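Structure first, commentary second.
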Amino acid sequence: DDAEIVDAWRELATLVGVFCEPSSAAGLAAVKKLGFEPGSVVVCVLTGHGLKDADAVGLLTKSPVEVDANLESILAEVA
């Protein structure tokens, strides 16, 4: 379902470092649901880069924060 696809999409982005469009993570969601034996070799094809669906980026990221253009303000925000 959609929630499983979004979970797989987030997992690809956060654990593997692969930024694909959400629908491209459907294969991984299906593989996880099918429950293959540990050690099985499975190939999932990701066909779309994450920026192909720019609106979905907001689901993975926090909203931008505005700070004053000085080092102290920047450091205060990231600390």
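Labeling convention for the structure tokens: chains A, B, ... as they appear, residues from 1 per chain, ligands from 1 in order of appearance.
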
Please, which residues of range 7-74 of chain A, numbered as in this document, come out alpha helix (DSSP H) from DSSP, as a ChimeraX atom specification? /A:7-11,26-34,57-60,71-74

List the neighbours of range 55-69 of chain A out to 12 Å using only C-alpha atoms; skip same-chain residues closer than 5 positions along the sequence, and give me the result as number ranges by chain. A: 6-7, 9-14, 19-23, 49-50, 74-78

Residues as selected, all heavy atoms, written as a short mmCIF file (atom, residue, chain, number, x, y, z; two decimals), in the first residue's frame, can you do that?
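File produced: result.cif:
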```
data_model
loop_
_atom_site.label_atom_id
_atom_site.label_comp_id
_atom_site.auth_asym_id
_atom_site.auth_seq_id
_atom_site.Cartn_x
_atom_site.Cartn_y
_atom_site.Cartn_z
N VAL A 6 6.00 4.52 0.87
CA VAL A 6 6.66 5.69 1.47
C VAL A 6 7.72 5.24 2.46
O VAL A 6 8.82 5.82 2.51
CB VAL A 6 5.62 6.63 2.12
CG1 VAL A 6 6.31 7.70 2.95
CG2 VAL A 6 4.76 7.28 1.04
N ASP A 7 7.45 4.20 3.25
CA ASP A 7 8.45 3.68 4.20
C ASP A 7 9.69 3.18 3.45
O ASP A 7 10.82 3.45 3.86
CB ASP A 7 7.86 2.56 5.05
CG ASP A 7 6.89 3.05 6.10
OD1 ASP A 7 6.86 4.27 6.39
OD2 ASP A 7 6.13 2.21 6.63
N TRP A 9 10.67 4.13 0.49
CA TRP A 9 11.29 5.31 -0.11
C TRP A 9 12.17 6.03 0.91
O TRP A 9 13.31 6.39 0.62
CB TRP A 9 10.17 6.21 -0.64
CG TRP A 9 10.58 7.51 -1.20
CD1 TRP A 9 11.40 7.72 -2.28
CD2 TRP A 9 10.17 8.79 -0.75
NE1 TRP A 9 11.52 9.06 -2.51
CE2 TRP A 9 10.77 9.75 -1.59
CE3 TRP A 9 9.35 9.23 0.28
CZ2 TRP A 9 10.57 11.10 -1.43
CZ3 TRP A 9 9.15 10.59 0.43
CH2 TRP A 9 9.76 11.51 -0.41
N ARG A 10 11.65 6.21 2.12
CA ARG A 10 12.43 6.85 3.18
C ARG A 10 13.65 5.99 3.55
O ARG A 10 14.73 6.51 3.80
CB ARG A 10 11.57 7.07 4.41
CG ARG A 10 10.63 8.23 4.28
CD ARG A 10 9.96 8.54 5.62
NE ARG A 10 9.18 9.75 5.52
CZ ARG A 10 7.88 9.83 5.72
NH1 ARG A 10 7.20 8.76 6.06
NH2 ARG A 10 7.25 10.98 5.60
N GLU A 11 13.47 4.69 3.59
CA GLU A 11 14.58 3.79 3.91
C GLU A 11 15.68 3.90 2.87
O GLU A 11 16.86 3.96 3.21
CB GLU A 11 14.07 2.35 4.02
CG GLU A 11 15.13 1.37 4.43
CD GLU A 11 14.56 -0.04 4.62
OE1 GLU A 11 13.42 -0.17 5.05
OE2 GLU A 11 15.31 -0.99 4.33
N LEU A 12 15.31 3.92 1.61
CA LEU A 12 16.31 4.07 0.55
C LEU A 12 17.08 5.37 0.71
O LEU A 12 18.30 5.41 0.56
CB LEU A 12 15.65 4.04 -0.83
CG LEU A 12 15.24 2.66 -1.34
CD1 LEU A 12 14.33 2.79 -2.56
CD2 LEU A 12 16.48 1.85 -1.68
N ALA A 13 16.38 6.45 1.03
CA ALA A 13 17.03 7.75 1.15
C ALA A 13 17.90 7.84 2.39
O ALA A 13 19.03 8.34 2.33
CB ALA A 13 15.97 8.86 1.17
N THR A 14 17.42 7.37 3.52
CA THR A 14 18.13 7.58 4.78
C THR A 14 19.18 6.52 5.09
O THR A 14 20.22 6.83 5.66
CB THR A 14 17.15 7.68 5.96
OG1 THR A 14 16.37 6.50 6.02
CG2 THR A 14 16.24 8.88 5.82
N PHE A 19 18.26 8.50 -3.62
CA PHE A 19 17.12 9.41 -3.66
C PHE A 19 16.33 9.17 -4.94
O PHE A 19 16.70 9.63 -6.01
CB PHE A 19 17.62 10.85 -3.57
CG PHE A 19 16.54 11.89 -3.57
CD1 PHE A 19 15.42 11.75 -2.77
CD2 PHE A 19 16.66 13.01 -4.36
CE1 PHE A 19 14.43 12.71 -2.77
CE2 PHE A 19 15.68 13.99 -4.36
CZ PHE A 19 14.56 13.83 -3.57
N CYS A 20 15.25 8.40 -4.83
CA CYS A 20 14.41 8.09 -5.98
C CYS A 20 13.04 8.72 -5.79
O CYS A 20 12.72 9.22 -4.72
CB CYS A 20 14.28 6.58 -6.17
SG CYS A 20 13.42 5.73 -4.82
N GLU A 21 12.25 8.71 -6.85
CA GLU A 21 10.89 9.20 -6.67
C GLU A 21 10.11 8.13 -5.89
O GLU A 21 10.46 6.95 -5.93
CB GLU A 21 10.23 9.50 -8.01
CG GLU A 21 10.04 8.30 -8.91
CD GLU A 21 9.32 8.65 -10.19
OE1 GLU A 21 8.37 9.45 -10.15
OE2 GLU A 21 9.69 8.11 -11.24
N PRO A 22 9.08 8.54 -5.14
CA PRO A 22 8.37 7.57 -4.29
C PRO A 22 7.86 6.34 -5.02
O PRO A 22 8.01 5.21 -4.52
CB PRO A 22 7.22 8.39 -3.71
CG PRO A 22 7.74 9.79 -3.69
CD PRO A 22 8.59 9.91 -4.93
N SER A 23 7.28 6.51 -6.20
CA SER A 23 6.73 5.35 -6.90
C SER A 23 7.81 4.35 -7.30
O SER A 23 7.54 3.16 -7.47
CB SER A 23 5.95 5.79 -8.14
OG SER A 23 6.80 6.45 -9.06
N HIS A 49 14.63 9.49 -10.59
CA HIS A 49 15.37 10.27 -9.60
C HIS A 49 14.40 11.02 -8.71
O HIS A 49 13.29 11.37 -9.12
CB HIS A 49 16.29 11.26 -10.33
CG HIS A 49 17.22 11.98 -9.41
ND1 HIS A 49 16.86 13.09 -8.71
CD2 HIS A 49 18.50 11.72 -9.09
CE1 HIS A 49 17.88 13.49 -7.98
NE2 HIS A 49 18.90 12.68 -8.20
N GLY A 50 14.79 11.29 -7.48
CA GLY A 50 13.93 11.96 -6.50
C GLY A 50 13.44 13.32 -6.94
O GLY A 50 12.34 13.74 -6.57
N ILE A 74 23.98 31.48 12.27
CA ILE A 74 24.06 30.15 11.63
C ILE A 74 24.46 29.10 12.66
O ILE A 74 23.84 28.05 12.77
CB ILE A 74 25.03 30.16 10.44
CG1 ILE A 74 24.49 31.08 9.34
CG2 ILE A 74 25.26 28.76 9.91
CD1 ILE A 74 25.47 31.39 8.25
N LEU A 75 25.50 29.39 13.42
CA LEU A 75 25.96 28.43 14.44
C LEU A 75 24.91 28.18 15.51
O LEU A 75 24.75 27.06 15.99
CB LEU A 75 27.26 28.92 15.07
CG LEU A 75 28.49 28.89 14.15
CD1 LEU A 75 29.69 29.50 14.85
CD2 LEU A 75 28.79 27.48 13.68
N ALA A 76 24.17 29.22 15.87
CA ALA A 76 23.12 29.05 16.86
C ALA A 76 22.02 28.12 16.36
O ALA A 76 21.43 27.36 17.13
CB ALA A 76 22.52 30.42 17.23
N GLU A 77 21.76 28.13 15.07
CA GLU A 77 20.70 27.30 14.50
C GLU A 77 21.14 25.83 14.39
O GLU A 77 20.35 24.91 14.61
CB GLU A 77 20.29 27.81 13.12
CG GLU A 77 19.14 27.10 12.52
CD GLU A 77 17.86 27.17 13.36
OE1 GLU A 77 17.57 28.22 13.95
OE2 GLU A 77 17.14 26.16 13.40
N VAL A 78 22.38 25.59 14.04
CA VAL A 78 22.84 24.21 13.83
C VAL A 78 23.35 23.54 15.09
O VAL A 78 23.55 22.32 15.10
CB VAL A 78 23.91 24.13 12.71
CG1 VAL A 78 23.35 24.58 11.40
CG2 VAL A 78 25.16 24.90 13.08
#
```

Go ahead and compute the interatomic distance for CA of Gly48 in chain A and CA of Ser24 in chain A, in Å to one decimal. 6.1 Å

Taking into account only C-alpha atoms, which residue in the set A:Val18, A:Val42, A:Leu34, A:Ala25 is nearest to Asp2 in chain A?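 Counting only C-alpha atoms, the residue closest to Asp2 in chain A is A:Ala25.
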
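For the pair CA of Ala30 in chain A and CA of Ala3 in chain A, the separation is 11.8 Å.
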
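Distances to Lys32 in chain A were evaluated for A:Ala8, A:Ala54, A:Val45, A:Leu15 using only C-alpha atoms, and the minimum falls at A:Ala8.
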
Compare A:Glu4, A:Ala79, A:Ala26, A:Leu71 by their minimum atom-to-atom distance to Leu46 in chain A, counting only C-alpha atoms, and give me the closest one.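 Of all the options, A:Ala26 lies closest to Leu46 in chain A.
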